[in-house]
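Below is entry34.cif, which holds mmCIF, C-alpha atoms and all ligand atoms.
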```
data_structure
loop_
_atom_site.group_PDB
_atom_site.id
_atom_site.type_symbol
_atom_site.label_atom_id
_atom_site.label_comp_id
_atom_site.auth_asym_id
_atom_site.auth_seq_id
_atom_site.Cartn_x
_atom_site.Cartn_y
_atom_site.Cartn_z
ATOM 1 C CA MET A 146 41.397 157.903 46.645
ATOM 2 C CA VAL A 147 42.997 160.694 48.623
ATOM 3 C CA ALA A 148 40.330 162.559 50.605
ATOM 4 C CA ASN A 149 41.876 165.981 50.051
ATOM 5 C CA GLY A 150 43.356 164.976 46.772
ATOM 6 C CA VAL A 151 44.203 167.235 43.893
ATOM 7 C CA LEU A 152 43.314 166.127 40.396
ATOM 8 C CA VAL A 153 46.347 166.056 38.101
ATOM 9 C CA LEU A 154 45.924 166.772 34.400
ATOM 10 C CA ASN A 155 48.525 165.874 31.873
ATOM 11 C CA ARG A 156 49.879 168.505 29.514
ATOM 12 C CA ASN A 157 47.051 167.605 27.106
ATOM 13 C CA TRP A 158 44.410 168.217 29.811
ATOM 14 C CA THR A 159 43.497 164.625 30.423
ATOM 15 C CA ALA A 160 43.051 163.475 33.999
ATOM 16 C CA ILE A 161 45.822 161.087 34.897
ATOM 17 C CA HIS A 162 46.155 160.996 38.602
ATOM 18 C CA VAL A 163 44.987 162.148 42.010
ATOM 19 C CA CYS A 164 47.800 163.345 44.231
ATOM 20 C CA SER A 165 48.116 164.655 47.752
ATOM 21 C CA LEU A 166 47.956 168.356 48.425
ATOM 22 C CA GLU A 167 51.592 168.348 49.554
ATOM 23 C CA ARG A 168 52.677 166.811 46.286
ATOM 24 C CA ALA A 169 50.612 169.315 44.298
ATOM 25 C CA ILE A 170 52.206 172.255 46.120
ATOM 26 C CA THR A 171 55.661 170.820 45.503
ATOM 27 C CA LEU A 172 54.951 170.520 41.782
ATOM 28 C CA LEU A 173 53.666 174.093 41.704
ATOM 29 C CA VAL A 174 56.640 175.511 43.561
ATOM 30 C CA GLN A 175 58.998 173.646 41.260
ATOM 31 C CA GLY A 176 57.224 175.017 38.215
ATOM 32 C CA LEU A 177 56.242 171.536 37.073
ATOM 33 C CA ALA A 178 52.535 172.274 37.293
ATOM 34 C CA GLN A 179 50.028 175.112 37.166
ATOM 35 C CA VAL A 180 46.736 175.557 38.955
ATOM 36 C CA VAL A 181 43.572 175.294 36.868
ATOM 37 C CA ASP A 182 40.547 177.248 38.067
ATOM 38 C CA GLU A 183 36.904 176.552 37.334
ATOM 39 C CA ASN A 184 37.077 178.718 34.200
ATOM 40 C CA PHE A 185 40.047 176.746 32.856
ATOM 41 C CA ARG A 186 42.438 179.584 33.501
ATOM 42 C CA THR A 187 45.897 178.520 34.547
ATOM 43 C CA TYR A 188 48.182 180.053 37.138
ATOM 44 C CA ASP A 189 51.789 179.436 37.960
ATOM 45 C CA PHE A 190 52.744 179.379 41.608
ATOM 46 C CA GLY A 191 53.527 183.106 41.767
ATOM 47 C CA SER A 192 50.282 184.276 40.223
ATOM 48 C CA TRP A 193 48.222 181.796 42.222
ATOM 49 C CA ARG A 194 49.832 183.073 45.374
ATOM 50 C CA GLU A 195 49.079 186.650 44.361
ATOM 51 C CA LEU A 196 45.503 185.785 43.516
ATOM 52 C CA SER A 197 45.125 184.081 46.879
ATOM 53 C CA ASP A 198 45.812 187.431 48.558
ATOM 54 C CA TYR A 199 42.871 189.049 46.825
ATOM 55 C CA VAL A 200 40.301 186.367 47.310
ATOM 56 C CA GLU A 201 37.720 186.713 50.046
ATOM 57 C CA TYR A 202 37.557 183.999 52.590
ATOM 58 C CA GLU A 203 33.958 182.912 52.035
ATOM 59 C CA GLY A 204 34.115 179.207 51.855
ATOM 60 C CA ASN A 205 37.475 179.079 50.126
ATOM 61 C CA ARG A 206 39.993 176.833 51.700
ATOM 62 C CA PHE A 207 43.464 178.117 52.331
ATOM 63 C CA ILE A 208 46.827 176.837 53.404
ATOM 64 C CA HIS A 209 48.646 179.191 55.703
ATOM 65 C CA ALA A 210 52.378 179.622 55.561
ATOM 66 C CA THR A 211 54.316 182.118 57.672
ATOM 67 C CA SER A 212 54.483 184.857 55.076
ATOM 68 C CA PHE A 213 51.528 184.104 52.826
ATOM 69 C CA ARG A 214 48.367 182.149 52.371
ATOM 70 C CA LEU A 215 47.447 180.030 49.437
ATOM 71 C CA MET A 216 44.093 178.900 48.145
ATOM 72 C CA ILE A 217 44.003 175.140 48.034
ATOM 73 C CA PRO A 218 44.194 174.069 44.401
ATOM 74 C CA GLU A 219 41.767 171.401 43.264
ATOM 75 C CA VAL A 220 43.074 170.755 39.784
ATOM 76 C CA ILE A 221 46.610 171.160 38.486
ATOM 77 C CA LEU A 222 48.012 170.890 34.983
ATOM 78 C CA LEU A 223 51.446 169.449 34.390
ATOM 79 C CA THR A 224 53.696 171.706 32.359
ATOM 80 C CA HIS A 225 55.444 168.770 30.699
ATOM 81 C CA TYR A 226 53.893 165.792 29.085
ATOM 82 C CA HIS A 227 54.154 162.686 31.213
ATOM 83 C CA ARG A 228 54.078 159.209 29.916
ATOM 84 C CA VAL A 229 51.631 157.551 32.214
ATOM 85 C CA PRO A 230 51.923 153.932 33.132
ATOM 86 C CA PRO A 231 48.487 152.378 33.654
ATOM 87 C CA ARG A 232 47.444 153.236 37.161
ATOM 88 C CA ALA A 233 47.011 150.306 39.454
ATOM 89 C CA VAL A 234 43.742 150.236 41.329
ATOM 90 C CA LYS A 235 44.078 148.868 44.819
ATOM 91 C CA PHE A 236 42.608 145.443 45.243
ATOM 92 C CA ASN A 237 40.337 146.047 48.188
ATOM 93 C CA ARG A 238 36.771 145.532 49.245
ATOM 94 C CA ARG A 239 35.655 149.051 48.492
ATOM 95 C CA ASN A 240 36.988 148.992 44.949
ATOM 96 C CA ILE A 241 35.396 145.619 44.260
ATOM 97 C CA TYR A 242 32.058 147.068 45.349
ATOM 98 C CA VAL A 243 32.539 150.087 43.117
ATOM 99 C CA ARG A 244 33.623 147.997 40.139
ATOM 100 C CA ASP A 245 30.584 145.773 40.460
ATOM 101 C CA ASP A 246 28.280 148.732 41.054
ATOM 102 C CA PHE A 247 27.045 147.252 44.346
ATOM 103 C CA ARG A 248 25.180 144.575 42.411
ATOM 104 C CA CYS A 249 25.157 140.834 42.601
ATOM 105 C CA GLN A 250 27.013 139.758 39.481
ATOM 106 C CA TYR A 251 24.878 136.644 39.137
ATOM 107 C CA CYS A 252 21.293 137.838 39.450
ATOM 108 C CA GLY A 253 21.844 141.566 39.148
ATOM 109 C CA CYS A 254 20.008 142.496 42.335
ATOM 110 C CA LYS A 255 21.126 145.441 44.420
ATOM 111 C CA PRO A 256 20.483 144.561 48.066
ATOM 112 C CA PRO A 257 21.669 146.662 51.027
ATOM 113 C CA ARG A 258 25.447 146.750 51.075
ATOM 114 C CA GLU A 259 25.823 144.565 54.134
ATOM 115 C CA GLU A 260 23.940 141.783 52.376
ATOM 116 C CA LEU A 261 26.462 141.561 49.556
ATOM 117 C CA THR A 262 29.268 139.072 49.770
ATOM 118 C CA ILE A 263 32.463 138.661 47.838
ATOM 119 C CA ASP A 264 32.361 135.432 45.899
ATOM 120 C CA HIS A 265 35.364 133.629 44.485
ATOM 121 C CA VAL A 266 34.350 132.512 41.004
ATOM 122 C CA VAL A 267 36.765 129.628 41.235
ATOM 123 C CA PRO A 268 36.317 128.786 44.919
ATOM 124 C CA ARG A 269 39.332 129.062 47.148
ATOM 125 C CA SER A 270 38.866 125.442 48.069
ATOM 126 C CA ARG A 271 39.466 124.658 44.399
ATOM 127 C CA GLY A 272 42.564 126.758 44.087
ATOM 128 C CA GLY A 273 40.877 130.054 43.164
ATOM 129 C CA ARG A 274 42.863 133.132 44.049
ATOM 130 C CA SER A 275 41.890 136.473 45.493
ATOM 131 C CA GLU A 276 42.418 138.668 42.471
ATOM 132 C CA TRP A 277 40.381 140.968 40.264
ATOM 133 C CA GLU A 278 39.672 138.262 37.700
ATOM 134 C CA ASN A 279 38.347 135.837 40.272
ATOM 135 C CA VAL A 280 36.154 137.806 42.660
ATOM 136 C CA VAL A 281 32.692 139.222 42.166
ATOM 137 C CA LEU A 282 29.949 140.582 44.351
ATOM 138 C CA ALA A 283 27.184 138.110 45.036
ATOM 139 C CA CYS A 284 24.000 138.386 47.037
ATOM 140 C CA GLN A 285 23.671 135.941 49.870
ATOM 141 C CA SER A 286 21.309 133.616 48.071
ATOM 142 C CA CYS A 287 23.397 133.440 44.898
ATOM 143 C CA ASN A 288 26.500 132.859 46.962
ATOM 144 C CA ALA A 289 24.789 130.025 48.817
ATOM 145 C CA ARG A 290 23.382 128.593 45.616
ATOM 146 C CA LYS A 291 26.750 128.497 43.949
ATOM 147 C CA GLY A 292 28.502 127.070 46.979
ATOM 148 C CA SER A 293 31.886 125.604 46.201
ATOM 149 C CA ARG A 294 31.062 124.686 42.633
ATOM 150 C CA LEU A 295 32.804 125.946 39.566
ATOM 151 C CA LEU A 296 30.685 128.047 37.222
ATOM 152 C CA ALA A 297 30.641 125.248 34.691
ATOM 153 C CA GLU A 298 29.190 122.931 37.306
ATOM 154 C CA SER A 299 26.367 125.274 38.220
ATOM 155 C CA PRO A 300 23.505 126.749 36.196
ATOM 156 C CA MET A 301 24.646 130.242 37.089
ATOM 157 C CA HIS A 302 26.108 132.905 34.847
ATOM 158 C CA LEU A 303 28.099 136.021 35.455
ATOM 159 C CA ALA A 304 26.754 139.310 34.139
ATOM 160 C CA ARG A 305 30.253 140.058 32.850
ATOM 161 C CA ALA A 306 33.709 138.643 33.229
ATOM 162 C CA PRO A 307 35.441 140.236 36.204
ATOM 163 C CA LYS A 308 38.582 142.199 35.484
ATOM 164 C CA LYS A 309 40.772 144.855 36.959
ATOM 165 C CA PRO A 310 38.915 148.180 36.872
ATOM 166 C CA ASN A 311 40.362 151.323 35.380
ATOM 167 C CA TRP A 312 41.273 153.920 38.030
ATOM 168 C CA ILE A 313 39.176 156.627 36.395
ATOM 169 C CA ASN A 314 36.037 154.585 37.051
ATOM 170 C CA ILE A 315 36.928 154.435 40.704
ATOM 171 C CA VAL A 316 37.662 158.163 40.858
ATOM 172 C CA ARG A 317 34.438 158.906 39.036
ATOM 173 C CA HIS A 318 32.446 156.935 41.528
ATOM 174 C CA SER A 319 34.135 158.651 44.452
ATOM 175 C CA LEU A 320 33.251 161.997 42.918
ATOM 176 C CA GLN A 321 29.600 161.271 43.380
ATOM 177 C CA ALA A 322 30.205 161.083 47.119
ATOM 178 C CA GLN A 323 32.368 164.193 47.288
ATOM 179 C CA ASN A 324 31.509 167.656 46.204
ATOM 180 C CA ARG A 325 34.193 168.294 43.628
ATOM 181 C CA PRO A 326 32.524 170.096 40.740
ATOM 182 C CA ALA A 327 35.889 171.343 39.483
ATOM 183 C CA TRP A 328 36.891 167.767 38.809
ATOM 184 C CA GLN A 329 33.765 166.613 37.139
ATOM 185 C CA ARG A 330 34.466 167.640 33.567
ATOM 186 C CA PHE A 331 37.960 166.298 33.458
ATOM 187 C CA VAL A 332 37.064 163.052 35.086
ATOM 188 C CA ASP A 333 34.018 162.602 32.879
ATOM 189 C CA ALA A 334 36.101 163.271 29.799
ATOM 190 C CA ALA A 335 38.702 160.774 30.931
ATOM 191 C CA TYR A 336 35.987 158.269 31.718
ATOM 192 C CA TRP A 337 34.536 158.455 28.227
ATOM 193 C CA ASN A 338 37.974 158.176 26.697
ATOM 194 C CA VAL A 339 39.123 155.218 28.691
ATOM 195 C CA ASP A 340 40.338 152.397 26.509
ATOM 196 C CA LEU A 341 38.032 149.488 26.929
ATOM 197 C CA GLU A 342 39.830 146.236 27.241
ATOM 198 C CA ASP A 343 38.034 143.146 26.142
HETATM 199 ZN ZN ZN B 1 22.222 137.264 43.354
#
```

Mind turning this structure into C-alpha cells?
Amino acid sequence: MVANGVLVLNRNWTAIHVCSLERAITLLVQGLAQVVDENFRTYDFGSWRELSDYVEYEGNRFIHATSFRLMIPEVILLTHYHRVPPRAVKFNRRNIYVRDDFRCQYCGCKPPREELTIDHVVPRSRGGRSEWENVVLACQSCNARKGSRLLAESPMHLARAPKKPNWINIVRHSLQAQNRPAWQRFVDAAYWNVDLED
C-alpha cells in the first residue's frame, strides 16, 4: 500500500483503489474526481483549493505550489463510474503474513513474527510453486513436523485453503497501523461487501 496514499471511491462511493497523491491531484485537476471530507461533503478542485486558503494550519497537511496551497486530500470520489478489474494483491511476504493473520495455519498459534515461516503446502522439492494457493504461514515446529511431506502424507490439516487475498483485506489491515480515520468507514464498508470466493 502507498504510504501517503489517497483512497479512491467509485462513483457509487465504494472503495476501489489506493492511489498516489500525485495521481489524485491529477484526477482532481482534470475534473475526474472530487475530494471527500470527513463529513462526506464533496469538493471539486476549485472549491477545495479555495477552502484550503481558509483552513488553519494546525496539523493539516498541505501541498505548496507557487501560487497556492492545497490541503492534502485523503479520500477522493470519481465523477464517472469505473468498471474495476479485480485488484491484484502483490505476492510478497508481508501480504502473506496479513492474509494468514500472523498465525500458523496448521496449529493456529500466533508466535512472535520472526518465529513464523512460510511453508509450501506442496513442497518445492515435490514441484510445489510459490503462489498464493500453495504457501501458508507455519510456526517452526509445524514446519519441521511437516517436513517435505504432502498434506495427505502427514496427519496435519490446514485451518483453511490458501488463496489469493482480496486487496481490501490488505488495505484494512494496513489501516490499523496508520492513522487514517477518514478511510475507515469506506474501507470497512468495502470489506463487508467483498464477494467471498469459495
Ligand atoms: Zn503451528

#### Entry: Closest of A:Val243, A:Ile217, A:Ala335, A:Leu282 to Asp182 (chain A) - atom-to-atom distances counting all atoms listed in the file
A:Ile217

### Message
Calculated over only C-alpha atoms, which of the candidates A:Arg271, A:Leu222, A:Arg238, A:Gln175 has the smallest distance to Ala160 (chain A)?
### Response
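Comparing A:Arg271, A:Leu222, A:Arg238, A:Gln175 against Ala160 (chain A), the winner is A:Leu222.
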
#### Entry: Residue contacts of region 194-196 of chain A (8 Å, all atoms listed in the file) excluding same-chain residues fewer than 4 positions away, as a list in words
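My reading of the contact set: Phe190, Val200, Phe213, Arg214, Leu215 and Met216 of chain A.
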
Saved selection, atoms kept: C-alpha atoms, as a tab-separated table (two decimals), in the frame of the given file:
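Writing the result to result.tsv gives the following:
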```
chain	number	residue	atom	x	y	z
A	190	PHE	CA	52.74	179.38	41.61
A	200	VAL	CA	40.30	186.37	47.31
A	213	PHE	CA	51.53	184.10	52.83
A	214	ARG	CA	48.37	182.15	52.37
A	215	LEU	CA	47.45	180.03	49.44
A	216	MET	CA	44.09	178.90	48.14
```

### Query
Can you list, as a list in words, the residues that the PyMOL selection byres (((chain A and resi 266) around 8) and not hetatm) selects here?
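For this structure, the PyMOL selection byres (((chain A and resi 266) around 8) and not hetatm) resolves to Asp264, His265, Val267, Pro268, Gly273, Asn279, Val280, Val281, Leu295 and Leu296 of chain A.
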
### Output check: residues returned by the PyMOL selection byres (((chain A and resi 297-313) around 10) and not hetatm), as a PyMOL selection string
chain A and resi 146+160-163+231-236+240-241+243-245+248-253+266-267+276-283+287+290-296+314-319+332-343

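With CA of Leu166 (chain A) on one side and CA of Glu219 (chain A) on the other, the separation reads 8.6 Å.
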
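Between CA of Arg269 (chain A) and CA of Phe247 (chain A) the separation is 22.1 Å.
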
As AutoDock Vina command-line options, please: the centre and edge lengths in Å, to one decimal, of an axis-aligned box enclosing every listed atom of region 152-159 of chain A with 6 Å added on each side.
```
--center_x 46.6 --center_y 166.6 --center_z 33.8 --size_x 18.6 --size_y 15.9 --size_z 25.3
```

### Message
Within 12 Å of (51.4, 162.9, 46.3) in the file's own coordinates, which protein, DNA or RNA residues have an atom, counting only C-alpha atoms? List them as a VMD selection string.
### Response
chain A and resid 146 to 153 162 to 172

### Query
What gap, in Å, lies between CA of Thr187 (chain A) and CA of Ile208 (chain A)?
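Going from CA of Thr187 (chain A) over to CA of Ile208 (chain A) covers 19.0 Å.
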
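Using all atoms listed in the file, the nearest neighbour of ligand ZN 1 (chain B) within the list A:Cys254, A:Ala210, A:Ala178, A:Leu223 is A:Cys254.
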
### Task
Between A:Asn237, A:Thr159, A:Ser212, A:Ser286, single out the one closest to ligand ZN 1 (chain B), counting only C-alpha atoms and all ligand atoms.
A:Ser286

### Task
Name every residue that the PyMOL selection byres (((chain A and resi 181) around 8) and not hetatm) selects in this structure, writing the answer as number ranges by chain with chains first and numbers rising.
A: 179-180, 182-188, 218-222

### Message
Could you check the closest approach to ligand ZN 1 (chain B) for each of A:Cys284, A:Leu173, A:Leu154, A:Ile263 and tell me which residue wins, using only C-alpha atoms and all ligand atoms?
### Response
A:Cys284

### Task
Choose the residue, out of A:His209, A:Lys255, A:Arg156, A:Arg228, that has the smallest atom-to-atom separation from ligand ZN 1 (chain B); count only C-alpha atoms and all ligand atoms.
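Ranking A:His209, A:Lys255, A:Arg156, A:Arg228 by distance to ligand ZN 1 (chain B), first place goes to A:Lys255.
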